[in-house]
Every structure is written in structure tokens, then in C-alpha cells.
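Notes to accompany the following structure.
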Amino acid sequence: MRKLKAIIKNILTEVLFRIQKNKKVVAKKPADVHLSVTENCCLRCKMCDIWKMKEKQKNLDYETAKKIIDKLKNWLDNNFQLTFAGGEPFMNTEFIKIIQYAKEKGLRTSTNSNGYLVNERLAQKIANSGLSRIFFSIDGEEKEHNFVRGREDSFQKVIKAITNLQKAKDKNKQPEIFINCVISNNNLHKIKKMVTLAKKLKVSGINFQVLMPNFASSYVSDWYKTNPFWPKKQHVIKKTINELIALKNEYPDFILNAVRDFRNFEKYLTDPKTYQETEKCFVGFNNFMIDTVGNMRLCYEMGTIGNILKENPDKLWVNKRAKIHREKIVKCQKPCKLLPCNDMRIMSLLRNLLPHINR
């Protein structure tokens, strides 16, 4: 019965997704907000350049976070998910307090972590904080993960982090724990083993992403030609995608991606130029981002549409700059349209589309 429900949910999500994409509906009230808490990181990942940045914004402090959360709560009530972004979020020493404040306001919260800092003490604090969901990044088995993450003990640390948090959350049953895995030439041949590992660790599910240009790097359209992690063997790509689709059909509620995601991964990996030029993006139609000083963006790659600390977010959401940015987003030819910020959950789609479907 549970599997049947997951299959029906996936089909409905796909239908609603296509309607949303064709109509390009701007949500009256967005369902997802990303709030950056730090740009600092303790790893030296080969697929990210954020840690190389010399000029970084200061960490989000507790008092500023409270002001931002209050404004979001007043505008969106509890009808959105607040995702805390980084860097490595737990490098911000006030992060736990920020999570707790969001919990006091009744908000659903999520974050991504490399797990490197999550010892038993921090795991207990996370479990007590009220965080709803946490995604730990694991990009292969021990050898592959340590190589791409730039530290020889990073795999051991993230496995231990998950174990620590599993023990700490026995009473509260929160947060839900997930694994996030980036598909690249570094792990393409072992993707099935990632699902096996996730099952072994008894997490709630696994999500896959696909290799992107390094974050915080200068973008060039043919970046993939010189990227050492770009998969080049077409038959291996297709075999891996078929394996993922088969696993999705076997574990529809455990693998978070839709079949559509995997088909898009295949199109992208086998013909990145065409995919980048033809596929449309609509990030910023149902979500937005806020940096550590309150600047509000519809896309990480674009400038600010205003500052939430100085202006009302509902006005910023529909102001002239927001309209201009959405026009640019639809025409954008960068590959990041495959990132989770360009996807939507089923309830978000329903809230957006029900008033429009009957028109």
C-alpha cells in the first residue's frame, strides 16, 4: 500500500510539474526559502570553489536571523520550508540557536551538511534543536568520497555523523536524515552501491544530483570539456541512469528524485550543450534565497532584488527587479536548472496551480 501511494504521488507530481512549467506561474506566496548562514567550510572539495573565496560575508548572527525569520513568518505563516544553506552550516556557532528560534515559530526547517563536525555532542544539540530534515553529502564509497572532498577522513566523519545523529534522535525522532549524492565520473560505476549504503545506514532516503560547474567559479559554456569529473562514456551513463530508474521503481518513496530527474540527467550528460541551450529554468517562481546580510535573490547567480531587513518581502517578491530577473531566468542557458532549487514538492505545486487550472 505504501509503495502504491508513492507511485501515485510521483505520477501526480509529474503532471503538476509539467502544468507549472508550461504556465510559468509565479506563486502568490513562495513555498521554499533558502537562508545562508555561512560561506565558510571545513572541507576542500574539488567540485566547489566556495572555500577558496578570499572575501566572504560574515556569518549570519542570531539577532539578524531572528529579524529575517520574523518577517518570513509574518508573510508566509507556516506554509513554507526554510532551508539553511552554506558553506558548512555548522561552522556558524550560532546556527543551533537559529534553528531553535525557527522551531519556536513553528517552521519546517532543513539543511545540508558534510558531517565533518557532527560529533556526539553536536549531534545531541541538533536532535534537540527542532531541525526537521538534514541531508548529509556522500559522493561515493570511502576512496571516492575522500578524494573528491579533499580530506582523508571525510568519509569516516560523515558515516560517524549519521550514526551519532541516529542515536541522538531516539526520543525526538527528529531530524529526518537523508543522503545527498552528486553523480560524476568519480562514482558513476558505483551508484547502485550508494543506495545500498543509504539502506544500510537506515536513513529516510537518498537524493541524487548531477555534476555542475564549480560553485563560486567563473562560468564558461563548455566547462564540462575540461572538467576531470565529467562522465564521457555514453554507454556507462545510460546504464547508470537505467539502474537508477529501476531502483526508483523498486523504492519509490526512498529515492527522492522523480524519474523525470534521471531522464534529464541522461540528456544532460550525453549532450550538455543542447540541454543547456534548450531546457528552461523557473527558479524564483516559487522560491528565493537570502544571504547572511539579508539580501534577497531569486537565483544564486543573479543580483539582489532588495534587502529583507530594509523592505517587506512581499513587496520585493513582485517588484520590478524581480520581474526582470524572472525574464532572465527563463532565458538562461546555464546547466544549474538541474539543481533542487529548480524543483518543487507536490503540495507546493498544488497550492500554486489549483487557482489556475480552472481558468
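Each chain in the C-alpha cells gets a letter, A, B, ..., in the order shown, and its residues are numbered from 1; ligands are numbered from 1 in order too.
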
Interface rows for segment 228-338 of chain A against segment 53-65 of chain A: nearest pair, Å to one decimal, 12 Å, only C-alpha atoms, as a Markdown table:
```
| residue | atom | partner | partner_atom | distance |
| --- | --- | --- | --- | --- |
| A:Ile290 | CA | A:Leu60 | CA | 10.4 |
| A:Asp291 | CA | A:Leu60 | CA | 8.1 |
| A:Thr292 | CA | A:Leu60 | CA | 4.6 |
| A:Val293 | CA | A:Leu60 | CA | 6.9 |
| A:Gly294 | CA | A:Thr64 | CA | 8.1 |
| A:Asn295 | CA | A:Gln57 | CA | 11.3 |
| A:Ile308 | CA | A:Thr64 | CA | 10.6 |
| A:Leu309 | CA | A:Thr64 | CA | 8.3 |
| A:Lys310 | CA | A:Thr64 | CA | 11.8 |
```

Rows by chain and residue number, segment 119-166 of chain A within 9 Å of segment 174-193 of chain A, shortest pair, only C-alpha atoms, as a Markdown table:
```
| residue | atom | partner | partner_atom | distance |
| --- | --- | --- | --- | --- |
| A:Ile126 | CA | A:Pro175 | CA | 7.8 |
| A:Ala127 | CA | A:Gln174 | CA | 5.9 |
| A:Asn128 | CA | A:Gln174 | CA | 8.1 |
| A:Ser129 | CA | A:Pro175 | CA | 8.9 |
| A:Gly130 | CA | A:Gln174 | CA | 6.9 |
| A:Leu131 | CA | A:Pro175 | CA | 5.4 |
| A:Ser132 | CA | A:Pro175 | CA | 4.6 |
| A:Arg133 | CA | A:Glu176 | CA | 4.7 |
| A:Ile134 | CA | A:Ile177 | CA | 5.2 |
| A:Phe135 | CA | A:Phe178 | CA | 4.6 |
| A:Phe136 | CA | A:Ile179 | CA | 4.9 |
| A:Ser137 | CA | A:Asn180 | CA | 4.8 |
| A:Ile138 | CA | A:Cys181 | CA | 5.3 |
| A:Asp139 | CA | A:Cys181 | CA | 4.9 |
| A:Gly140 | CA | A:Asn187 | CA | 5.6 |
| A:Glu141 | CA | A:Lys190 | CA | 8.0 |
| A:Glu144 | CA | A:Asn186 | CA | 6.3 |
| A:His145 | CA | A:Asn187 | CA | 8.5 |
| A:Phe147 | CA | A:Asn186 | CA | 8.8 |
| A:Val148 | CA | A:Asn186 | CA | 7.8 |
| A:Ile162 | CA | A:Ile177 | CA | 7.7 |
| A:Leu165 | CA | A:Ile177 | CA | 8.3 |
| A:Gln166 | CA | A:Ile177 | CA | 8.1 |
```

Output the selection as a PDB file, in the first residue's frame - N, CA and C atoms for each residue.
```pdb
ATOM      1  N   ILE A 126      21.769  18.995  17.732  1.00  0.00           N
ATOM      2  CA  ILE A 126      20.957  19.017  16.511  1.00  0.00           C
ATOM      3  C   ILE A 126      19.622  18.325  16.766  1.00  0.00           C
ATOM      4  N   ALA A 127      19.674  17.177  17.429  1.00  0.00           N
ATOM      5  CA  ALA A 127      18.451  16.427  17.717  1.00  0.00           C
ATOM      6  C   ALA A 127      17.500  17.219  18.607  1.00  0.00           C
ATOM      7  N   ASN A 128      18.056  18.014  19.504  1.00  0.00           N
ATOM      8  CA  ASN A 128      17.236  18.813  20.426  1.00  0.00           C
ATOM      9  C   ASN A 128      16.790  20.149  19.829  1.00  0.00           C
ATOM     10  N   SER A 129      17.364  20.527  18.691  1.00  0.00           N
ATOM     11  CA  SER A 129      17.128  21.869  18.144  1.00  0.00           C
ATOM     12  C   SER A 129      15.763  22.040  17.499  1.00  0.00           C
ATOM     13  N   GLY A 130      15.183  20.931  17.035  1.00  0.00           N
ATOM     14  CA  GLY A 130      13.920  21.027  16.317  1.00  0.00           C
ATOM     15  C   GLY A 130      14.078  21.023  14.811  1.00  0.00           C
ATOM     16  N   LEU A 131      15.298  20.818  14.307  1.00  0.00           N
ATOM     17  CA  LEU A 131      15.527  20.718  12.867  1.00  0.00           C
ATOM     18  C   LEU A 131      14.680  19.587  12.292  1.00  0.00           C
ATOM     19  N   SER A 132      13.976  19.857  11.185  1.00  0.00           N
ATOM     20  CA  SER A 132      13.068  18.862  10.610  1.00  0.00           C
ATOM     21  C   SER A 132      13.799  17.832   9.755  1.00  0.00           C
ATOM     22  N   ARG A 133      14.736  18.313   8.914  1.00  0.00           N
ATOM     23  CA  ARG A 133      15.427  17.414   7.982  1.00  0.00           C
ATOM     24  C   ARG A 133      16.889  17.809   7.856  1.00  0.00           C
ATOM     25  N   ILE A 134      17.749  16.800   7.626  1.00  0.00           N
ATOM     26  CA  ILE A 134      19.142  17.080   7.343  1.00  0.00           C
ATOM     27  C   ILE A 134      19.621  16.144   6.247  1.00  0.00           C
ATOM     28  N   PHE A 135      20.340  16.694   5.275  1.00  0.00           N
ATOM     29  CA  PHE A 135      20.926  15.929   4.188  1.00  0.00           C
ATOM     30  C   PHE A 135      22.439  15.901   4.372  1.00  0.00           C
ATOM     31  N   PHE A 136      23.000  14.697   4.446  1.00  0.00           N
ATOM     32  CA  PHE A 136      24.445  14.554   4.525  1.00  0.00           C
ATOM     33  C   PHE A 136      24.989  14.200   3.145  1.00  0.00           C
ATOM     34  N   SER A 137      26.052  14.890   2.759  1.00  0.00           N
ATOM     35  CA  SER A 137      26.647  14.668   1.445  1.00  0.00           C
ATOM     36  C   SER A 137      27.599  13.481   1.478  1.00  0.00           C
ATOM     37  N   ILE A 138      27.313  12.478   0.652  1.00  0.00           N
ATOM     38  CA  ILE A 138      28.212  11.344   0.464  1.00  0.00           C
ATOM     39  C   ILE A 138      28.316  11.083  -1.031  1.00  0.00           C
ATOM     40  N   ASP A 139      29.521  11.167  -1.568  1.00  0.00           N
ATOM     41  CA  ASP A 139      29.709  11.113  -3.018  1.00  0.00           C
ATOM     42  C   ASP A 139      30.443   9.868  -3.489  1.00  0.00           C
ATOM     43  N   GLY A 140      30.250   8.767  -2.781  1.00  0.00           N
ATOM     44  CA  GLY A 140      30.887   7.519  -3.180  1.00  0.00           C
ATOM     45  C   GLY A 140      31.290   6.718  -1.967  1.00  0.00           C
ATOM     46  N   GLU A 141      31.930   5.585  -2.213  1.00  0.00           N
ATOM     47  CA  GLU A 141      32.498   4.818  -1.122  1.00  0.00           C
ATOM     48  C   GLU A 141      33.728   5.553  -0.589  1.00  0.00           C
ATOM     49  N   GLU A 144      36.465   7.083  -3.083  1.00  0.00           N
ATOM     50  CA  GLU A 144      35.928   8.107  -3.970  1.00  0.00           C
ATOM     51  C   GLU A 144      35.511   9.366  -3.204  1.00  0.00           C
ATOM     52  N   HIS A 145      34.857   9.153  -2.078  1.00  0.00           N
ATOM     53  CA  HIS A 145      34.383  10.299  -1.296  1.00  0.00           C
ATOM     54  C   HIS A 145      35.547  11.122  -0.743  1.00  0.00           C
ATOM     55  N   PHE A 147      38.526  11.374  -1.822  1.00  0.00           N
ATOM     56  CA  PHE A 147      39.248  12.042  -2.916  1.00  0.00           C
ATOM     57  C   PHE A 147      38.565  13.348  -3.313  1.00  0.00           C
ATOM     58  N   VAL A 148      37.257  13.283  -3.524  1.00  0.00           N
ATOM     59  CA  VAL A 148      36.560  14.468  -4.017  1.00  0.00           C
ATOM     60  C   VAL A 148      36.370  15.516  -2.929  1.00  0.00           C
ATOM     61  N   ILE A 162      26.253  10.460  10.851  1.00  0.00           N
ATOM     62  CA  ILE A 162      24.928   9.855  10.695  1.00  0.00           C
ATOM     63  C   ILE A 162      24.632   8.919  11.865  1.00  0.00           C
ATOM     64  N   LEU A 165      23.878  10.929  15.008  1.00  0.00           N
ATOM     65  CA  LEU A 165      22.563  11.576  14.975  1.00  0.00           C
ATOM     66  C   LEU A 165      21.442  10.549  15.087  1.00  0.00           C
ATOM     67  N   GLN A 166      21.647   9.370  14.509  1.00  0.00           N
ATOM     68  CA  GLN A 166      20.649   8.307  14.655  1.00  0.00           C
ATOM     69  C   GLN A 166      20.448   7.969  16.130  1.00  0.00           C
TER      70      GLN A 166
END
```

Residues near segment 86-91 of chain A, anyone? I mean within 7 Å using only C-alpha atoms, not counting same-chain ones fewer than 4 positions away, as a JSON list (two decimals) with N, CA and C atoms, in the first residue's frame.
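Result went into part06.json, see below:
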```
[["chain", "number", "residue", "atom", "x", "y", "z"],
["A", 36, "SER", "N", 21.10, 31.60, 3.87],
["A", 36, "SER", "CA", 22.52, 31.28, 4.06],
["A", 36, "SER", "C", 22.95, 31.65, 5.47],
["A", 37, "VAL", "N", 23.67, 30.74, 6.13],
["A", 37, "VAL", "CA", 24.15, 31.01, 7.50],
["A", 37, "VAL", "C", 25.67, 31.21, 7.54],
["A", 38, "THR", "N", 26.37, 30.75, 6.50],
["A", 38, "THR", "CA", 27.83, 30.95, 6.43],
["A", 38, "THR", "C", 28.33, 30.59, 5.04],
["A", 39, "GLU", "N", 29.47, 31.16, 4.67],
["A", 39, "GLU", "CA", 30.16, 30.78, 3.44],
["A", 39, "GLU", "C", 31.43, 29.99, 3.76],
["A", 40, "ASN", "N", 31.71, 29.78, 5.04],
["A", 40, "ASN", "CA", 32.90, 29.05, 5.45],
["A", 40, "ASN", "C", 32.68, 27.55, 5.34],
["A", 41, "CYS", "N", 33.77, 26.81, 5.13],
["A", 41, "CYS", "CA", 33.68, 25.36, 5.03],
["A", 41, "CYS", "C", 34.96, 24.72, 5.56],
["A", 42, "CYS", "N", 34.82, 23.52, 6.12],
["A", 42, "CYS", "CA", 35.96, 22.83, 6.70],
["A", 42, "CYS", "C", 36.56, 21.79, 5.76],
["A", 95, "PHE", "N", 24.36, 28.69, 14.86],
["A", 95, "PHE", "CA", 23.40, 28.00, 13.99],
["A", 95, "PHE", "C", 22.34, 27.24, 14.79],
["A", 113, "SER", "N", 24.73, 19.16, 5.12],
["A", 113, "SER", "CA", 25.98, 19.17, 5.86],
["A", 113, "SER", "C", 26.94, 18.14, 5.30],
["A", 114, "ASN", "N", 28.24, 18.42, 5.42],
["A", 114, "ASN", "CA", 29.24, 17.41, 5.04],
["A", 114, "ASN", "C", 29.52, 16.46, 6.21]]
```

Looking at only C-alpha atoms, which of A:Ile324, A:Val195, A:Thr226, A:Ile98 is the one that sits closest to Glu243 of chain A?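 When distances to Glu243 of chain A are compared using only C-alpha atoms, the smallest one comes from A:Val195.
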
For Val220 of chain A, which of A:Gln333, A:Gln100, A:Asn79, A:Asn286 is the closest residue, counting only C-alpha atoms? A:Gln333

I'd like to know which residues of segment 45-276 of chain A are strand (DSSP E or B) (by DSSP, run on the backbone); could you write them as number ranges by chain? A: 48, 81-85, 108-113, 133-137, 176-183, 205-210, 215, 255

Can you write just those residues out, N, CA and C atoms, as an mmCIF file, in the first residue's frame?
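Below is the file that was written, again20.cif:
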```cif
data_model
loop_
_atom_site.group_PDB
_atom_site.id
_atom_site.type_symbol
_atom_site.label_atom_id
_atom_site.label_comp_id
_atom_site.auth_asym_id
_atom_site.auth_seq_id
_atom_site.Cartn_x
_atom_site.Cartn_y
_atom_site.Cartn_z
ATOM 1 N N CYS A 48 33.826 22.270 -5.790
ATOM 2 C CA CYS A 48 33.298 23.520 -5.244
ATOM 3 C C CYS A 48 34.452 24.481 -4.971
ATOM 4 N N GLN A 81 8.943 25.948 3.606
ATOM 5 C CA GLN A 81 10.082 25.284 4.235
ATOM 6 C C GLN A 81 11.278 26.221 4.216
ATOM 7 N N LEU A 82 11.958 26.314 5.334
ATOM 8 C CA LEU A 82 13.141 27.147 5.463
ATOM 9 C C LEU A 82 14.377 26.242 5.422
ATOM 10 N N THR A 83 15.181 26.415 4.388
ATOM 11 C CA THR A 83 16.398 25.622 4.237
ATOM 12 C C THR A 83 17.605 26.486 4.565
ATOM 13 N N PHE A 84 18.402 26.036 5.517
ATOM 14 C CA PHE A 84 19.614 26.756 5.903
ATOM 15 C C PHE A 84 20.766 26.277 5.026
ATOM 16 N N ALA A 85 21.450 27.239 4.392
ATOM 17 C CA ALA A 85 22.465 26.904 3.401
ATOM 18 C C ALA A 85 23.852 27.357 3.838
ATOM 19 N N ARG A 108 9.054 24.573 9.421
ATOM 20 C CA ARG A 108 9.734 23.360 8.963
ATOM 21 C C ARG A 108 11.104 23.769 8.436
ATOM 22 N N THR A 109 12.135 23.092 8.905
ATOM 23 C CA THR A 109 13.493 23.500 8.554
ATOM 24 C C THR A 109 14.302 22.335 8.008
ATOM 25 N N SER A 110 15.296 22.686 7.201
ATOM 26 C CA SER A 110 16.154 21.679 6.588
ATOM 27 C C SER A 110 17.547 22.270 6.402
ATOM 28 N N THR A 111 18.546 21.400 6.310
ATOM 29 C CA THR A 111 19.898 21.862 5.989
ATOM 30 C C THR A 111 20.697 20.747 5.345
ATOM 31 N N ASN A 112 21.793 21.118 4.704
ATOM 32 C CA ASN A 112 22.755 20.171 4.139
ATOM 33 C C ASN A 112 24.059 20.285 4.905
ATOM 34 N N SER A 113 24.727 19.160 5.118
ATOM 35 C CA SER A 113 25.981 19.174 5.861
ATOM 36 C C SER A 113 26.941 18.136 5.301
ATOM 37 N N ARG A 133 14.736 18.313 8.914
ATOM 38 C CA ARG A 133 15.427 17.414 7.982
ATOM 39 C C ARG A 133 16.889 17.809 7.856
ATOM 40 N N ILE A 134 17.749 16.800 7.626
ATOM 41 C CA ILE A 134 19.142 17.080 7.343
ATOM 42 C C ILE A 134 19.621 16.144 6.247
ATOM 43 N N PHE A 135 20.340 16.694 5.275
ATOM 44 C CA PHE A 135 20.926 15.929 4.188
ATOM 45 C C PHE A 135 22.439 15.901 4.372
ATOM 46 N N PHE A 136 23.000 14.697 4.446
ATOM 47 C CA PHE A 136 24.445 14.554 4.525
ATOM 48 C C PHE A 136 24.989 14.200 3.145
ATOM 49 N N SER A 137 26.052 14.890 2.759
ATOM 50 C CA SER A 137 26.647 14.668 1.445
ATOM 51 C C SER A 137 27.599 13.481 1.478
ATOM 52 N N GLU A 176 14.689 14.086 10.380
ATOM 53 C CA GLU A 176 14.787 13.024 9.385
ATOM 54 C C GLU A 176 16.160 13.146 8.727
ATOM 55 N N ILE A 177 16.784 12.011 8.476
ATOM 56 C CA ILE A 177 18.135 12.015 7.917
ATOM 57 C C ILE A 177 18.103 11.468 6.492
ATOM 58 N N PHE A 178 18.754 12.194 5.585
ATOM 59 C CA PHE A 178 18.843 11.785 4.184
ATOM 60 C C PHE A 178 20.294 11.869 3.715
ATOM 61 N N ILE A 179 20.559 11.221 2.608
ATOM 62 C CA ILE A 179 21.865 11.319 1.957
ATOM 63 C C ILE A 179 21.686 12.041 0.630
ATOM 64 N N ASN A 180 22.625 12.906 0.318
ATOM 65 C CA ASN A 180 22.659 13.576 -0.985
ATOM 66 C C ASN A 180 23.939 13.156 -1.702
ATOM 67 N N CYS A 181 23.817 12.735 -2.941
ATOM 68 C CA CYS A 181 24.964 12.220 -3.692
ATOM 69 C C CYS A 181 25.068 12.900 -5.050
ATOM 70 N N VAL A 182 26.254 13.436 -5.359
ATOM 71 C CA VAL A 182 26.498 14.075 -6.650
ATOM 72 C C VAL A 182 27.064 13.047 -7.620
ATOM 73 N N ILE A 183 26.380 12.834 -8.735
ATOM 74 C CA ILE A 183 26.825 11.880 -9.748
ATOM 75 C C ILE A 183 27.919 12.509 -10.605
ATOM 76 N N GLY A 205 16.019 8.327 3.222
ATOM 77 C CA GLY A 205 16.009 8.353 1.770
ATOM 78 C C GLY A 205 17.307 8.890 1.214
ATOM 79 N N ILE A 206 17.416 8.872 -0.117
ATOM 80 C CA ILE A 206 18.601 9.374 -0.788
ATOM 81 C C ILE A 206 18.186 10.220 -1.990
ATOM 82 N N ASN A 207 18.911 11.309 -2.202
ATOM 83 C CA ASN A 207 18.668 12.200 -3.331
ATOM 84 C C ASN A 207 19.935 12.276 -4.168
ATOM 85 N N PHE A 208 19.774 12.278 -5.492
ATOM 86 C CA PHE A 208 20.918 12.379 -6.387
ATOM 87 C C PHE A 208 20.920 13.726 -7.097
ATOM 88 N N GLN A 209 22.090 14.305 -7.202
ATOM 89 C CA GLN A 209 22.315 15.472 -8.044
ATOM 90 C C GLN A 209 23.335 15.098 -9.106
ATOM 91 N N VAL A 210 23.504 15.963 -10.070
ATOM 92 C CA VAL A 210 24.452 15.681 -11.134
ATOM 93 C C VAL A 210 25.513 16.773 -11.157
ATOM 94 N N PHE A 215 30.808 25.652 -7.891
ATOM 95 C CA PHE A 215 30.165 26.809 -7.280
ATOM 96 C C PHE A 215 31.216 27.870 -6.982
ATOM 97 N N ILE A 255 13.981 6.747 -2.779
ATOM 98 C CA ILE A 255 14.749 7.588 -3.700
ATOM 99 C C ILE A 255 13.913 8.830 -3.991
#
```

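The neighbours of Lys167 of chain A here are the residues that come within 10 Å of it, using only C-alpha atoms and leaving out any residue fewer than 4 positions away in the same chain; they are Glu120, Ala123, Gln124, Ala127, Ile162, Thr163, Lys171 and Lys173 of chain A.
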
Okay, now the selection with C-alpha atoms, as an mmCIF file, in the first residue's frame?
```
data_model
loop_
_atom_site.group_PDB
_atom_site.id
_atom_site.type_symbol
_atom_site.label_atom_id
_atom_site.label_comp_id
_atom_site.auth_asym_id
_atom_site.auth_seq_id
_atom_site.Cartn_x
_atom_site.Cartn_y
_atom_site.Cartn_z
ATOM 1 C CA GLU A 120 28.236 13.072 19.623
ATOM 2 C CA ALA A 123 24.537 15.507 17.219
ATOM 3 C CA GLN A 124 22.621 15.776 20.501
ATOM 4 C CA ALA A 127 18.451 16.427 17.717
ATOM 5 C CA ILE A 162 24.928 9.855 10.695
ATOM 6 C CA THR A 163 25.459 7.211 13.382
ATOM 7 C CA LYS A 171 13.477 10.252 21.704
ATOM 8 C CA LYS A 173 12.574 11.216 16.122
#
```

Close residues, segment 261-272 of chain A itself excluded, 9 Å, only C-alpha atoms, min 4 positions apart in chain, as an NGL selection string: :A and (208-211 or 222 or 224 or 230-234 or 237-238 or 241-242 or 244-245 or 257 or 276-277 or 335 or 338)

What would the file look like if the residues just selected were written as an mmCIF file, in the first residue's frame with N, CA and C atoms?
```
data_model
loop_
_atom_site.group_PDB
_atom_site.id
_atom_site.type_symbol
_atom_site.label_atom_id
_atom_site.label_comp_id
_atom_site.auth_asym_id
_atom_site.auth_seq_id
_atom_site.Cartn_x
_atom_site.Cartn_y
_atom_site.Cartn_z
ATOM 1 N N PHE A 208 19.774 12.278 -5.492
ATOM 2 C CA PHE A 208 20.918 12.379 -6.387
ATOM 3 C C PHE A 208 20.920 13.726 -7.097
ATOM 4 N N GLN A 209 22.090 14.305 -7.202
ATOM 5 C CA GLN A 209 22.315 15.472 -8.044
ATOM 6 C C GLN A 209 23.335 15.098 -9.106
ATOM 7 N N VAL A 210 23.504 15.963 -10.070
ATOM 8 C CA VAL A 210 24.452 15.681 -11.134
ATOM 9 C C VAL A 210 25.513 16.773 -11.157
ATOM 10 N N LEU A 211 26.673 16.451 -11.645
ATOM 11 C CA LEU A 211 27.807 17.364 -11.635
ATOM 12 C C LEU A 211 27.469 18.706 -12.278
ATOM 13 N N ASP A 222 31.391 25.825 -22.112
ATOM 14 C CA ASP A 222 31.904 24.481 -22.385
ATOM 15 C C ASP A 222 32.777 23.954 -21.243
ATOM 16 N N TYR A 224 32.436 21.684 -19.150
ATOM 17 C CA TYR A 224 32.475 20.228 -18.989
ATOM 18 C C TYR A 224 33.604 19.571 -19.791
ATOM 19 N N TRP A 230 33.777 15.005 -15.344
ATOM 20 C CA TRP A 230 32.676 14.871 -16.296
ATOM 21 C C TRP A 230 32.676 13.466 -16.911
ATOM 22 N N PRO A 231 31.568 12.718 -16.819
ATOM 23 C CA PRO A 231 31.495 11.370 -17.412
ATOM 24 C C PRO A 231 31.532 11.444 -18.945
ATOM 25 N N LYS A 232 32.345 10.620 -19.560
ATOM 26 C CA LYS A 232 32.499 10.683 -21.018
ATOM 27 C C LYS A 232 32.020 9.418 -21.739
ATOM 28 N N LYS A 233 31.868 8.325 -21.016
ATOM 29 C CA LYS A 233 31.462 7.065 -21.659
ATOM 30 C C LYS A 233 29.935 6.977 -21.694
ATOM 31 N N GLN A 234 29.388 7.177 -22.900
ATOM 32 C CA GLN A 234 27.938 7.252 -23.062
ATOM 33 C C GLN A 234 27.220 5.978 -22.626
ATOM 34 N N ILE A 237 26.932 5.945 -18.905
ATOM 35 C CA ILE A 237 25.919 6.916 -18.459
ATOM 36 C C ILE A 237 24.523 6.314 -18.583
ATOM 37 N N LYS A 238 24.220 5.763 -19.741
ATOM 38 C CA LYS A 238 22.882 5.206 -19.980
ATOM 39 C C LYS A 238 22.605 4.015 -19.077
ATOM 40 N N ILE A 241 21.853 5.395 -15.548
ATOM 41 C CA ILE A 241 20.525 6.018 -15.477
ATOM 42 C C ILE A 241 19.438 4.953 -15.443
ATOM 43 N N ASN A 242 19.582 3.918 -16.266
ATOM 44 C CA ASN A 242 18.593 2.831 -16.255
ATOM 45 C C ASN A 242 18.566 2.125 -14.905
ATOM 46 N N LEU A 244 19.270 3.548 -12.038
ATOM 47 C CA LEU A 244 18.608 4.454 -11.096
ATOM 48 C C LEU A 244 17.093 4.433 -11.265
ATOM 49 N N ILE A 245 16.634 4.375 -12.494
ATOM 50 C CA ILE A 245 15.190 4.318 -12.740
ATOM 51 C C ILE A 245 14.610 3.015 -12.198
ATOM 52 N N ASN A 257 14.364 11.513 -5.957
ATOM 53 C CA ASN A 257 14.246 12.042 -7.315
ATOM 54 C C ASN A 257 13.036 11.450 -8.031
ATOM 55 N N GLN A 276 21.699 22.530 -22.124
ATOM 56 C CA GLN A 276 21.860 23.872 -21.562
ATOM 57 C C GLN A 276 21.131 24.917 -22.402
ATOM 58 N N GLU A 277 21.104 24.735 -23.709
ATOM 59 C CA GLU A 277 20.531 25.737 -24.605
ATOM 60 C C GLU A 277 19.020 25.637 -24.729
ATOM 61 N N PRO A 335 23.594 25.296 -16.823
ATOM 62 C CA PRO A 335 23.081 23.955 -16.512
ATOM 63 C C PRO A 335 22.486 23.801 -15.122
ATOM 64 N N LEU A 338 19.215 22.009 -13.206
ATOM 65 C CA LEU A 338 19.056 20.650 -12.706
ATOM 66 C C LEU A 338 19.200 20.557 -11.188
#
```
